[in-house]
Every structure is written in C-alpha cells, then in structure tokens.
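*Asks:* Below is work-v3.txt; it holds compact mmCIF, C-alpha atoms.
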```
# COMPACT_ATOMS: atom_id res chain seq x y z
CA MET A 1 23.29 29.62 24.85
CA SER A 2 25.22 31.56 22.19
CA GLN A 3 25.40 30.55 18.53
CA ALA A 4 28.96 29.34 19.04
CA GLU A 5 27.90 27.15 21.97
CA GLU A 6 24.99 25.53 20.19
CA PRO A 7 25.41 21.83 19.27
CA GLY A 8 26.52 21.16 15.73
CA GLY A 9 23.20 19.56 14.75
CA GLU A 10 21.21 22.54 16.03
CA ARG A 11 23.45 25.01 14.20
CA ALA A 12 23.05 23.00 11.01
CA LEU A 13 19.27 23.03 11.43
CA HIS A 14 19.24 26.79 11.95
CA ARG A 15 21.34 27.27 8.81
CA VAL A 16 18.83 25.18 6.86
CA LEU A 17 15.85 27.13 8.17
CA ARG A 18 17.49 30.50 7.45
CA ASP A 19 18.48 29.49 3.91
CA PRO A 20 16.33 31.44 1.39
CA GLY A 21 16.35 28.38 -0.86
CA TYR A 22 14.70 26.30 1.87
CA GLY A 23 12.03 28.95 2.31
CA LYS A 24 11.30 28.67 -1.41
CA LEU A 25 11.13 24.88 -1.02
CA LEU A 26 8.48 25.23 1.70
CA LEU A 27 6.50 27.58 -0.53
CA LEU A 28 6.81 25.11 -3.39
CA ALA A 29 5.60 22.32 -1.08
CA ALA A 30 2.53 24.33 -0.14
CA LEU A 31 1.79 25.09 -3.79
CA LEU A 32 2.40 21.52 -4.92
CA GLY A 33 0.05 20.12 -2.28
CA VAL A 34 -3.01 21.49 -4.07
CA PRO A 35 -2.59 20.22 -7.67
CA VAL A 36 -0.91 16.94 -6.69
CA SER A 37 -3.66 16.06 -4.21
CA LEU A 38 -6.35 16.91 -6.78
CA VAL A 39 -4.69 14.70 -9.40
CA ALA A 40 -4.41 11.90 -6.84
CA PHE A 41 -8.06 12.43 -5.91
CA GLY A 42 -9.00 12.21 -9.57
CA PHE A 43 -7.03 8.98 -10.01
CA LEU A 44 -8.70 7.39 -6.97
CA ALA A 45 -12.17 8.60 -7.94
CA LEU A 46 -11.78 7.26 -11.48
CA GLU A 47 -10.37 3.94 -10.24
CA HIS A 48 -13.23 3.58 -7.74
CA ALA A 49 -15.87 4.45 -10.37
CA VAL A 50 -14.48 2.00 -12.95
CA GLN A 51 -14.14 -0.70 -10.28
CA HIS A 52 -17.73 -0.21 -9.13
CA TRP A 53 -19.03 -0.30 -12.69
CA LEU A 54 -17.12 -3.47 -13.56
CA TRP A 55 -17.82 -5.42 -10.38
CA ALA A 56 -21.29 -4.18 -9.33
CA GLU A 57 -23.23 -2.27 -11.98
CA LEU A 58 -22.33 -4.38 -15.01
CA PRO A 59 -23.28 -7.75 -13.42
CA HIS A 60 -26.57 -6.23 -12.22
CA HIS A 61 -27.24 -4.81 -15.68
CA TRP A 62 -26.84 -8.29 -17.16
CA GLY A 63 -29.18 -9.88 -14.63
CA TRP A 64 -26.94 -11.18 -11.83
CA SER A 65 -27.36 -10.16 -8.23
CA ARG A 66 -23.57 -10.23 -7.90
CA ALA A 67 -20.59 -11.04 -10.07
CA PRO A 68 -20.67 -14.73 -11.13
CA TRP A 69 -17.78 -17.03 -10.29
CA TRP A 70 -16.17 -16.73 -13.76
CA TRP A 71 -16.31 -12.92 -13.78
CA PRO A 72 -12.62 -12.34 -12.90
CA LEU A 73 -11.36 -14.37 -15.89
CA PRO A 74 -12.16 -11.92 -18.72
CA LEU A 75 -11.40 -8.89 -16.56
CA LEU A 76 -7.95 -10.14 -15.58
CA ALA A 77 -7.25 -11.16 -19.16
CA VAL A 78 -7.87 -7.57 -20.24
CA ALA A 79 -5.79 -6.23 -17.34
CA GLY A 80 -2.89 -8.54 -18.16
CA SER A 81 -2.96 -7.56 -21.83
CA VAL A 82 -2.92 -3.84 -21.05
CA VAL A 83 -0.16 -4.11 -18.44
CA ALA A 84 1.88 -6.33 -20.77
CA GLY A 85 1.63 -3.68 -23.50
CA VAL A 86 2.67 -0.93 -21.09
CA VAL A 87 5.62 -2.94 -19.75
CA ALA A 88 6.83 -3.90 -23.22
CA ARG A 89 6.33 -0.61 -25.06
CA LEU A 90 6.01 2.45 -22.80
CA PRO A 91 8.82 4.21 -20.90
CA GLY A 92 9.19 3.19 -17.27
CA ARG A 93 7.63 -0.30 -17.72
CA GLY A 94 4.46 0.78 -15.93
CA GLY A 95 6.28 1.93 -12.81
CA HIS A 96 7.33 0.24 -9.60
CA VAL A 97 6.96 -3.55 -9.32
CA PRO A 98 5.09 -4.04 -6.00
CA ALA A 99 7.15 -7.10 -5.03
CA HIS A 100 10.21 -4.83 -4.78
CA GLY A 101 8.92 -2.81 -1.84
CA THR A 102 6.64 0.00 -0.73
CA VAL A 103 8.58 2.99 -2.06
CA GLY A 104 10.12 2.99 -5.53
CA GLU A 105 12.45 5.28 -7.43
CA PRO A 106 11.21 8.73 -8.56
CA VAL A 107 9.23 8.52 -11.80
CA SER A 108 10.13 10.60 -14.85
CA ALA A 109 7.60 12.64 -16.80
CA ALA A 110 7.87 10.26 -19.74
CA ALA A 111 6.97 7.29 -17.54
CA LEU A 112 3.90 8.88 -15.89
CA PRO A 113 1.34 7.90 -18.59
CA GLY A 114 2.39 4.26 -18.36
CA VAL A 115 2.25 4.33 -14.55
CA VAL A 116 -1.26 5.79 -14.58
CA LEU A 117 -2.57 3.36 -17.22
CA ALA A 118 -1.03 0.22 -15.69
CA GLY A 119 -2.10 1.15 -12.18
CA LEU A 120 -5.63 2.15 -13.16
CA VAL A 121 -6.29 -1.01 -15.15
CA SER A 122 -4.68 -3.33 -12.59
CA LEU A 123 -6.57 -1.88 -9.64
CA SER A 124 -9.94 -1.57 -11.38
CA PHE A 125 -10.01 -4.94 -13.14
CA GLY A 126 -9.26 -7.09 -10.10
CA ALA A 127 -5.54 -7.29 -9.31
CA VAL A 128 -5.00 -8.05 -5.62
CA LEU A 129 -3.11 -4.83 -5.01
CA GLY A 130 -3.67 -1.41 -3.44
CA PRO A 131 -3.37 2.13 -4.81
CA GLU A 132 -0.53 3.43 -2.64
CA ALA A 133 2.38 2.69 -4.99
CA PRO A 134 0.83 4.36 -8.07
CA LEU A 135 -0.12 7.35 -5.92
CA LEU A 136 3.44 7.74 -4.65
CA ALA A 137 4.74 7.52 -8.21
CA ILE A 138 2.19 9.99 -9.56
CA GLY A 139 2.72 12.48 -6.75
CA GLY A 140 6.50 12.28 -6.91
CA GLY A 141 6.58 12.45 -10.70
CA LEU A 142 4.28 15.46 -10.90
CA ALA A 143 6.23 17.28 -8.19
CA LEU A 144 9.53 16.70 -10.00
CA LEU A 145 7.99 17.80 -13.29
CA ALA A 146 6.73 21.04 -11.77
CA ALA A 147 9.99 21.75 -9.92
CA ARG A 148 12.21 21.13 -12.94
CA ALA A 149 10.06 23.35 -15.11
CA ARG A 150 11.07 26.27 -12.87
CA ARG A 151 14.84 25.66 -13.07
CA ARG A 152 17.26 24.59 -15.73
CA ASP A 153 19.88 22.68 -13.74
CA GLY A 154 19.21 19.47 -11.90
CA ALA A 155 19.86 19.07 -8.18
CA PRO A 156 19.72 15.41 -7.13
CA GLY A 157 19.39 16.17 -3.42
CA LEU A 158 16.60 18.64 -4.00
CA ASP A 159 14.93 16.29 -6.45
CA ALA A 160 14.67 13.63 -3.75
CA VAL A 161 13.00 16.06 -1.31
CA VAL A 162 10.61 17.38 -3.97
CA SER A 163 9.68 13.85 -5.03
CA ALA A 164 9.03 12.85 -1.42
CA THR A 165 6.93 15.97 -0.94
CA GLY A 166 4.74 15.15 -3.92
CA GLY A 167 4.45 11.54 -2.82
CA ALA A 168 3.32 12.60 0.66
CA ALA A 169 0.66 14.90 -0.79
CA ALA A 170 -0.67 12.11 -3.03
CA ILE A 171 -0.58 9.24 -0.53
CA SER A 172 -2.47 11.24 2.12
CA THR A 173 -5.55 11.09 -0.12
CA VAL A 174 -5.94 7.32 0.25
CA PHE A 175 -4.83 6.82 3.85
CA GLY A 176 -7.24 9.57 4.91
CA ASN A 177 -4.71 11.19 7.22
CA PRO A 178 -1.66 13.31 6.34
CA LEU A 179 0.26 12.08 9.40
CA ILE A 180 0.52 8.53 8.02
CA ALA A 181 1.85 9.83 4.72
CA VAL A 182 4.58 11.90 6.38
CA VAL A 183 5.68 9.13 8.76
CA LEU A 184 5.80 6.64 5.88
CA ILE A 185 8.04 8.92 3.80
CA LEU A 186 10.32 9.71 6.75
CA GLU A 187 10.69 6.14 7.98
CA ALA A 188 11.35 4.88 4.46
CA ALA A 189 13.99 7.59 3.92
CA GLY A 190 15.91 6.56 7.04
CA LEU A 191 17.13 10.08 7.76
CA GLY A 192 18.04 11.69 11.07
CA GLY A 193 19.00 14.99 12.67
CA PRO A 194 18.69 18.23 10.65
CA ARG A 195 18.13 16.26 7.44
CA LEU A 196 15.05 14.72 9.05
CA ILE A 197 13.60 18.11 9.96
CA ALA A 198 14.47 19.51 6.54
CA LEU A 199 12.49 16.70 4.91
CA VAL A 200 9.58 16.56 7.36
CA LEU A 201 8.50 20.18 7.03
CA PRO A 202 7.76 20.25 3.28
CA CYS A 203 6.21 16.77 3.42
CA LEU A 204 4.01 17.75 6.35
CA LEU A 205 3.00 21.01 4.69
CA ALA A 206 2.19 19.43 1.32
CA SER A 207 0.28 16.46 2.78
CA GLY A 208 -1.67 18.65 5.20
CA ILE A 209 -2.73 21.08 2.49
CA GLY A 210 -3.45 18.19 0.15
CA ALA A 211 -5.68 16.49 2.73
CA LEU A 212 -7.52 19.75 3.36
CA VAL A 213 -8.10 20.37 -0.34
CA VAL A 214 -9.24 16.80 -1.00
CA THR A 215 -11.63 16.81 1.97
CA GLY A 216 -13.30 19.95 0.70
CA PHE A 217 -13.33 18.77 -2.91
CA ARG A 218 -14.78 15.38 -1.95
CA ASP A 219 -17.61 17.04 0.01
CA TRP A 220 -18.31 19.44 -2.86
CA SER A 221 -18.21 16.88 -5.67
CA GLY A 222 -19.79 13.94 -3.88
CA LEU A 223 -17.28 11.57 -5.51
CA ASP A 224 -16.10 8.47 -3.66
CA THR A 225 -12.44 7.45 -3.65
CA GLY A 226 -12.57 4.41 -1.38
CA THR A 227 -10.32 5.86 1.34
CA LEU A 228 -8.93 3.25 3.74
CA ALA A 229 -11.14 3.38 6.83
CA LEU A 230 -12.96 1.10 9.25
CA PRO A 231 -16.36 2.72 9.96
CA SER A 232 -17.05 0.25 12.75
CA VAL A 233 -15.02 -2.15 14.88
CA PRO A 234 -16.17 -4.57 17.62
CA PRO A 235 -16.10 -3.18 21.17
CA ALA A 236 -12.81 -3.89 22.90
CA GLY A 237 -12.29 -5.39 26.31
CA THR A 238 -9.36 -5.09 28.68
CA LEU A 239 -6.13 -6.57 27.34
CA GLY A 240 -4.99 -9.72 29.08
CA ALA A 241 -2.09 -12.16 29.00
CA GLY A 242 -3.83 -14.24 26.35
CA ASP A 243 -4.03 -11.29 23.98
CA PHE A 244 -0.26 -10.81 24.13
CA LEU A 245 0.57 -14.53 24.01
CA TRP A 246 -1.53 -15.22 20.93
CA GLY A 247 -0.69 -11.80 19.50
CA VAL A 248 3.05 -12.51 19.50
CA LEU A 249 2.59 -15.92 17.88
CA LEU A 250 0.20 -14.59 15.24
CA ALA A 251 2.39 -11.58 14.49
CA ALA A 252 5.30 -13.93 13.82
CA ALA A 253 3.09 -16.14 11.62
CA ILE A 254 1.89 -13.12 9.63
CA ALA A 255 5.48 -11.99 9.09
CA CYS A 256 6.39 -15.46 7.77
CA GLY A 257 3.45 -15.36 5.38
CA VAL A 258 4.27 -11.87 4.11
CA VAL A 259 7.93 -12.72 3.52
CA ALA A 260 6.95 -15.89 1.66
CA ALA A 261 4.52 -13.92 -0.52
CA THR A 262 7.04 -11.20 -1.36
CA ARG A 263 9.64 -13.83 -2.26
CA GLY A 264 7.09 -15.49 -4.49
CA GLY A 265 6.28 -12.13 -6.01
CA ARG A 266 9.93 -11.48 -6.77
CA GLY A 267 10.23 -14.86 -8.40
CA THR A 268 7.14 -14.11 -10.48
CA ALA A 269 8.58 -10.73 -11.47
CA ALA A 270 11.87 -12.28 -12.61
CA TRP A 271 10.03 -14.96 -14.60
CA THR A 272 7.67 -12.43 -16.18
CA LEU A 273 10.45 -10.03 -17.13
CA ARG A 274 11.99 -12.55 -19.56
CA ARG A 275 8.89 -12.48 -21.77
CA PRO A 276 6.65 -9.68 -20.49
CA ALA A 277 4.24 -9.66 -23.44
CA SER A 278 3.01 -13.22 -22.91
CA ARG A 279 3.87 -14.03 -19.31
CA THR A 280 2.18 -10.97 -17.84
CA VAL A 281 -1.07 -12.12 -19.45
CA LEU A 282 -0.56 -15.66 -18.14
CA CYS A 283 0.02 -14.36 -14.61
CA ALA A 284 -3.07 -12.15 -14.79
CA LEU A 285 -5.13 -15.14 -15.95
CA ALA A 286 -3.73 -17.14 -13.01
CA VAL A 287 -5.00 -14.41 -10.67
CA GLY A 288 -8.41 -14.67 -12.35
CA VAL A 289 -8.47 -18.45 -11.90
CA LEU A 290 -7.64 -18.08 -8.18
CA LEU A 291 -10.40 -15.51 -7.67
CA ALA A 292 -12.86 -17.77 -9.49
CA GLY A 293 -11.70 -20.66 -7.29
CA TYR A 294 -12.62 -18.67 -4.17
CA ALA A 295 -16.10 -18.03 -5.55
CA LEU A 296 -16.62 -21.71 -6.44
CA CYS A 297 -15.42 -22.99 -3.05
CA THR A 298 -17.43 -20.53 -0.96
CA GLY A 299 -20.47 -19.72 -3.10
CA ARG A 300 -19.76 -16.04 -2.49
CA SER A 301 -18.79 -13.18 -4.79
CA PRO A 302 -15.28 -13.31 -6.31
CA GLU A 303 -15.07 -9.59 -5.55
CA GLU A 304 -14.35 -10.45 -1.90
CA ALA A 305 -11.02 -12.00 -2.88
CA ALA A 306 -10.25 -9.57 -5.70
CA LEU A 307 -9.04 -5.97 -5.62
CA SER A 308 -7.25 -4.26 -2.74
CA GLY A 309 -9.48 -5.62 0.01
CA GLN A 310 -10.58 -2.28 1.47
CA ALA A 311 -14.29 -3.16 1.31
CA ALA A 312 -13.73 -6.69 2.62
CA LEU A 313 -11.60 -5.39 5.48
CA ALA A 314 -14.23 -2.83 6.50
CA ASP A 315 -16.96 -5.49 6.42
CA LEU A 316 -14.78 -7.96 8.33
CA ALA A 317 -14.16 -5.38 11.06
CA ALA A 318 -17.82 -4.38 11.28
CA ARG A 319 -19.36 -7.88 11.02
CA PRO A 320 -16.77 -10.54 11.90
CA THR A 321 -19.47 -13.14 12.64
CA ALA A 322 -20.75 -12.83 9.05
CA TRP A 323 -17.49 -14.43 7.87
CA PRO A 324 -17.47 -18.15 8.79
CA VAL A 325 -14.09 -19.68 9.54
CA PRO A 326 -14.09 -21.88 6.37
CA VAL A 327 -14.76 -18.79 4.22
CA LEU A 328 -11.89 -16.93 5.86
CA ALA A 329 -9.63 -19.92 5.35
CA TRP A 330 -10.48 -20.01 1.63
CA LEU A 331 -9.94 -16.25 1.48
CA LEU A 332 -6.47 -16.65 2.97
CA LEU A 333 -5.59 -19.35 0.47
CA PHE A 334 -6.94 -17.88 -2.76
CA LYS A 335 -6.42 -14.18 -2.07
CA GLY A 336 -2.96 -14.88 -0.64
CA LEU A 337 -1.88 -16.75 -3.77
CA ALA A 338 -3.49 -14.15 -6.05
CA TRP A 339 -1.68 -11.42 -4.11
CA THR A 340 1.64 -13.23 -4.56
CA VAL A 341 1.20 -13.43 -8.33
CA SER A 342 -0.09 -9.85 -8.57
CA LEU A 343 2.97 -8.58 -6.69
CA GLY A 344 5.26 -9.73 -9.47
CA ALA A 345 3.20 -9.28 -12.63
CA LEU A 346 0.76 -6.39 -12.25
CA ARG A 347 1.00 -2.83 -10.93
CA GLY A 348 -0.18 -1.42 -7.63
CA GLY A 349 0.76 -1.46 -3.97
CA ALA A 350 1.33 -4.34 -1.55
CA VAL A 351 -0.03 -2.82 1.66
CA PHE A 352 -3.82 -2.97 1.44
CA PRO A 353 -4.18 -6.70 0.60
CA ALA A 354 -1.68 -7.52 3.36
CA LEU A 355 -3.86 -5.73 5.93
CA THR A 356 -6.91 -7.70 4.79
CA LEU A 357 -5.10 -11.04 4.88
CA GLY A 358 -3.52 -10.38 8.26
CA SER A 359 -6.89 -9.41 9.72
CA ALA A 360 -8.52 -12.51 8.20
CA LEU A 361 -5.98 -14.78 9.90
CA THR A 362 -6.39 -13.16 13.31
CA THR A 363 -10.20 -13.20 12.99
CA ILE A 364 -10.02 -16.96 12.44
CA CYS A 365 -8.07 -17.20 15.69
CA ALA A 366 -10.36 -14.86 17.65
CA GLY A 367 -11.93 -17.85 19.42
CA LEU A 368 -8.67 -18.87 21.06
CA PRO A 369 -8.70 -18.74 24.90
CA GLY A 370 -8.10 -15.20 26.11
CA PHE A 371 -7.99 -13.68 22.61
CA GLY A 372 -10.68 -11.23 21.51
CA VAL A 373 -11.97 -10.10 18.12
CA THR A 374 -10.75 -6.52 18.52
CA SER A 375 -7.38 -7.71 19.77
CA GLY A 376 -7.16 -9.93 16.70
CA LEU A 377 -7.95 -6.99 14.43
CA ALA A 378 -5.28 -4.88 16.13
CA VAL A 379 -2.67 -7.62 15.74
CA GLY A 380 -3.61 -8.32 12.12
CA LEU A 381 -3.42 -4.68 11.06
CA ALA A 382 -0.20 -3.87 12.91
CA ALA A 383 1.70 -7.07 12.11
CA ALA A 384 0.76 -7.17 8.43
CA GLY A 385 1.55 -3.48 8.02
CA ALA A 386 4.96 -3.78 9.67
CA ALA A 387 5.90 -6.94 7.77
CA VAL A 388 4.94 -5.69 4.32
CA THR A 389 6.20 -2.10 4.58
CA ARG A 390 9.20 -2.87 6.83
CA LEU A 391 8.23 0.37 8.61
CA PRO A 392 7.03 -0.52 12.13
CA VAL A 393 6.28 3.04 13.26
CA THR A 394 4.14 3.67 10.18
CA ALA A 395 2.33 0.38 10.73
CA SER A 396 1.65 1.19 14.40
CA ILE A 397 0.22 4.62 13.56
CA LEU A 398 -1.89 3.24 10.71
CA ALA A 399 -3.36 0.49 12.90
CA THR A 400 -4.04 2.96 15.70
CA LEU A 401 -5.89 5.37 13.43
CA LEU A 402 -7.94 2.57 11.86
CA LEU A 403 -9.02 1.22 15.25
CA GLY A 404 -10.55 4.59 16.13
CA PRO A 405 -11.91 5.09 19.68
CA ASP A 406 -10.71 1.65 20.79
CA ALA A 407 -7.11 2.41 19.81
CA PRO A 408 -5.81 3.70 23.19
CA GLY A 409 -6.68 0.45 24.94
CA GLN A 410 -5.11 -1.62 22.14
CA MET A 411 -1.97 0.51 21.78
CA PRO A 412 0.38 -1.80 23.77
CA LEU A 413 -0.70 -4.81 21.69
CA VAL A 414 -0.37 -2.83 18.44
CA ILE A 415 3.20 -1.85 19.27
CA VAL A 416 4.21 -5.36 20.35
CA ALA A 417 2.71 -6.89 17.20
CA SER A 418 4.46 -4.34 14.96
CA VAL A 419 7.84 -4.94 16.57
CA VAL A 420 7.53 -8.74 16.55
CA ALA A 421 6.44 -8.84 12.91
CA PHE A 422 9.19 -6.44 11.87
CA VAL A 423 11.93 -8.37 13.70
CA VAL A 424 10.77 -11.79 12.49
CA GLY A 425 10.48 -10.51 8.93
CA GLU A 426 13.94 -8.97 8.95
CA LEU A 427 15.50 -12.11 10.44
CA LEU A 428 13.93 -14.23 7.72
CA ARG A 429 15.16 -11.86 5.03
CA SER A 430 18.66 -11.67 6.46
CA ARG A 431 18.80 -15.46 6.61
CA ARG A 432 17.86 -15.63 2.95
CA ARG A 433 20.51 -13.02 2.08
CA SER A 434 23.14 -15.01 4.02
CA ARG A 435 22.37 -18.13 2.00
CA GLY A 436 22.57 -16.15 -1.22
CA THR A 437 25.89 -14.59 -0.21
CA SER A 438 27.46 -17.95 0.59
CA ALA A 439 26.47 -19.19 -2.86
CA GLY A 440 27.93 -16.28 -4.82
CA PRO A 441 28.93 -12.62 -4.81
CA PRO A 442 26.94 -10.32 -2.52
CA ALA A 443 23.93 -8.57 -3.98
CA ALA A 444 23.33 -4.86 -3.63
CA ALA A 445 21.56 -3.92 -0.42
CA PRO A 446 17.87 -3.15 -0.92
CA ALA A 447 16.46 0.27 -0.28
CA ARG A 448 14.85 0.99 3.05
CA GLY A 449 11.19 0.02 2.89
CA SER A 450 11.80 -2.58 0.17
CA PRO A 451 12.05 -6.34 0.68
CA PRO A 452 15.44 -7.79 -0.18
CA VAL A 453 16.01 -10.09 -3.09
CA GLY A 454 14.53 -13.53 -2.55
```
For the file at hand, write its structure as structure tokens.
*Replies:*
Amino acid sequence: MSQAEEPGGERALHRVLRDPGYGKLLLLAALLGVPVSLVAFGFLALEHAVQHWLWAELPHHWGWSRAPWWWPLPLLAVAGSVVAGVVARLPGRGGHVPAHGTVGEPVSAAALPGVVLAGLVSLSFGAVLGPEAPLLAIGGGLALLAARARRRDGAPGLDAVVSATGGAAAISTVFGNPLIAVVLILEAAGLGGPRLIALVLPCLLASGIGALVVTGFRDWSGLDTGTLALPSVPPAGTLGAGDFLWGVLLAAAIACGVVAATRGGRGTAAWTLRRPASRTVLCALAVGVLLAGYALCTGRSPEEAALSGQAALADLAARPTAWPVPVLAWLLLFKGLAWTVSLGALRGGAVFPALTLGSALTTICAGLPGFGVTSGLAVGLAAAGAAVTRLPVTASILATLLLGPDAPGQMPLVIVASVVAFVVGELLRSRRRSRGTSAGPPAAAPARGSPPVG
C-alpha cells in the first residue's frame, strides 16, 4: 500500500514517529526513567523504614510484643498536625486529595516538597491509604521540572505526556511491574489511535527502564520498599457456576461499598477544607480512634487495620484460616470507616486499602456453597480495583499478576468481576449526578479515573 493509500490514522502515526521532536521525547523518557525511579525508590524505602520503626521497632523497644491498642492515637495526631500545616501553608496543599480519584493534576516544582512531606507522614504514621498517588505526583512533577529546565517555552500537550511518563516510571516501583503502570496511565488518559501510541511508547520506555534500575538497586542496597505482592495464595480449583454466581453478587456489593466510601471521603474533604488547620487534625484523630477500636474489639494489633494494608493482604492471601470471620468483619468496619475519613483529610492513594477490604469481604464469604478461597481472592482484588480506580482493564491486569501461577484459571472470573464492579459503580455515580443535576446547575464532568462529585 502506498503512502497516499494508507489510512489517515496510520499516516498520522507515521508522521509522529518520524518527527525529530518525538525521537527526542523518547530519549528524554529513557533518561527520565532512571532518576525518577530512584527518587520513587527512595521515597518508598524511607516510608517503609519509618513505618517499620514506628509500628514494630519502637513498641518492642518499650517492652511490648506488638503495638498496644492506643498506639494509633498519638501517631495520627502527629500526622494530622503535619498534614494540616502543609495544607494551610505550603504551595499545592499537600497534593492530590485521594477522594477525588486515582490520577490528579500535574504537580508544580513548588508543590513537590509539600506533596512529599504530607504523603510520607500520612503513609508512615498510620493513614489508611496507599503510596500510589504521591508516587504519581512525584514522578510527574520531577519529569516536568527536568523537561522545562531544558526549554524556555511551555507546551501544554507535551507537558501532559512528560508528566505521564514520569508518573509511569514512579508508579512501576510500587506495583512491581511496569506493565501495570503503563496500562493505568493509558486507561486514565482515555486516548485512542495515534495519540495512544504516541503516549504509550515513552511511558513504556520510562517505566521499563525504571523497573530495571530499581530491581538492580534494590538487590544491591538490600532496602525494602514494601512492593505490592502476594508471595503465596491458596491453591485454586476449577471454576464452577457457584464461583460466578457469588462472584457477580460480591463484585456488585464491593462496588457499592467503594462508591459509598468515596462519597464519604468527598464529604470529609469539603468539610475539612473550610478549616483545614483544625479539622484535618480532628479527622486524623478519628482515624486513630477507629484503629484503636479495631484493636480493642479483636485483641489484635492495630497495625492490621492501619496503613495501606499491603502486609495484611499478603497475610490474608497466604493464611486465610488465620483470620476468623469476626476479625474480618471488624476489619471491614473499622478499616473501612478509617479509609473513608483518610480519603478526605490525609494524603495518599485509595487503591491499596480498597484491595485489602475487598479481599476481606470475599474471604468472609469463601464458605458459601460453590465458592472457593482463591475465587474469593480473585473477585475481591478485581472488583475493588475496578471500582476504586474506575479502570477495569488496569484492575484485571493487576489482579492477574497478583494471583501468580493460579491466574490463568481465574482469568474469566477476574474479568467478570472487574466489569460488574465497574458497571455497578458507574451506574451508582451517574444516578447521584442525575439527582444533583435536577437540584441545580450541572457540575463539571470529573476526569477519567476520578470519582464524580458526591
């Protein structure tokens, strides 16, 4: 086929690939992947070290075998005070509010210190949030800073690609796989055709190089970053009708819970914004009270309900019988409420706690007729991921990679759960928007990957 006969989209793609400026962008992506991934690695390593010292080493040093029930109260008070100061006084208000979605706006250089401080303190001191949002902000902000230092004029379209490239390099360090980072960025961007290819190549290049650099640096340094992984999952059986029946119902229930939590988080954010100095501290203390309540009701460590939930999720997948149903029920209640408050008042990401809560619910239901433990884990991961990110393809890939060798047999259930949770979540959100529209002027449409107002 001649150049003149080629479809318009293919010709546009070829023009992009032949453009010298795009070649420079790919080179910039490769170069950015190294420093951005190392900074992200440093952030995760520091957060993990501080978290371990606060929640494990310090209680042991003072004579406790584990953190006592009241331990979250002073830690969350400190976290709330620091975040309140950042929100009230530093540029950027500490970065993206997690209740507003998975992917936020690009972060300026002036806002980066506040983002790092608020995220580090929130995640280390016990906020029920994950590290993905601060990593996206740090990666995108550093990439923009480096790109703008090399040119005088701003280019909004290029800025968006460069920011996404840096975010992909940073987020690959915590998900443990560059493919998840790239799919997340692409699905959130909502692009298609040549624009999709033009964005995917630098993101793929930066995240791949970043993952390679971080893997080597982690092995060399011996530092731990708490990468999301499930070292062991229960052996899976053959999928049956019961797995799909219960899986659909549970996926819908998880979507309802996630939408309710994000709405509560948005309400908390609006309430906190009126008086951030005092109300952020009050919200952080409320999180501490909820975590202490879990410890009092279960007799277990408050750390299980605190933080992102990565450790609890890995232990739940490896030893589901070690978590009695009443304990999981208390975890759902207290961690779910603490997550809701954290979404609106503190700084971090919404994804990791959602995965833990979704898996806890499906583990409770693993004794239902025809429903297995591994099937429950697959449904919990996929449905919670799709509902909270509003990115069903990303959620399906993430659940598949976490399930490891058992993933191929669970793939049909993973996909069904992702789709059901996504559809139910969007229907609930659209219903809420319709009620809001009938009561007043229409609100601006939310960005892709971000829950709508309500």
*Asks:* Restricting the calculation to only C-alpha atoms, which member of A:Val424, A:Ala305, A:Leu136, A:Ala261 is positioned closest to Val287 (chain A)?
*Replies:*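 Closest to Val287 (chain A), using only C-alpha atoms: A:Ala305.
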*Asks:* Residues within 12 Å of (-3.1, -5.0, -4.4), file coordinates, counting all atoms listed in the file: what are they? Give the list as a PyMOL selection string.
*Replies:* chain A and resi 97-99+102+119-134+265+287+305-310+335-357+388
*Asks:* Determine the nearest neighbour of Pro35 (chain A) from the options A:Glu303, A:Arg15, A:Trp55, A:Ala206, counting all atoms listed in the file.
*Replies:*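 For Pro35 (chain A), the nearest of the given residues is A:Ala206.
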*Asks:* Go ahead and compute the interatomic distance for CA of Ala277 (chain A) and CA of Ala84 (chain A), in Å to one decimal.
*Replies:*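 Computing it gives 4.9 Å between the two atoms.
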*Asks:* Could you please determine the separation between CA of Phe334 (chain A) and CA of Gly293 (chain A) in Å, to one decimal place?
*Replies:*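 CA of Phe334 (chain A) sits 7.1 Å away from CA of Gly293 (chain A).
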*Asks:* I'd like to know which of A:Trp271, A:Trp69, A:Trp323, A:Phe422 is closest to Val248 (chain A), using all atoms listed in the file.
*Replies:*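 Of all the options, A:Phe422 lies closest to Val248 (chain A).
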*Asks:* Work out how far apart CA of Gly167 (chain A) and CA of Ala29 (chain A) are and give it in Å to one decimal.
*Replies:*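 Going from CA of Gly167 (chain A) over to CA of Ala29 (chain A) covers 11.0 Å.
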*Asks:* Given the choices A:Leu331, A:Arg89, A:Ile185, A:Leu313, which gets closest to Leu296 (chain A) if the distance is worked out from only C-alpha atoms?
*Replies:*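 Of the candidates, the smallest distance to Leu296 (chain A) is held by A:Leu331.
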*Asks:* May I have the residues within 10 Å of Pro91 (chain A) as a count of residues only, using all atoms listed in the file and disregarding those fewer than 4 positions away in the same chain?
*Replies:* 11
*Asks:* Which one of A:Gly80, A:Pro302, A:Asp243, A:Val281 sits closest to Ala366 (chain A) if you count only C-alpha atoms?
*Replies:*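 Using only C-alpha atoms, the shortest distance to Ala366 (chain A) belongs to A:Asp243.
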*Asks:* Counting only C-alpha atoms, which of A:Leu44, A:Ala386, A:Ala417, A:Leu428 gets nearest to Ala188 (chain A)?
*Replies:* A:Ala386
*Asks:* Give the centre and edge lengths of an axis-aligned box, in Å to one decimal, that holds all listed atoms of region 116-131 of chain A with 5 Å on each side, as AutoDock Vina command-line options.
*Replies:*
```
--center_x -5.5 --center_y -1.1 --center_z -10.3 --size_x 19.0 --size_y 23.8 --size_z 23.8
```
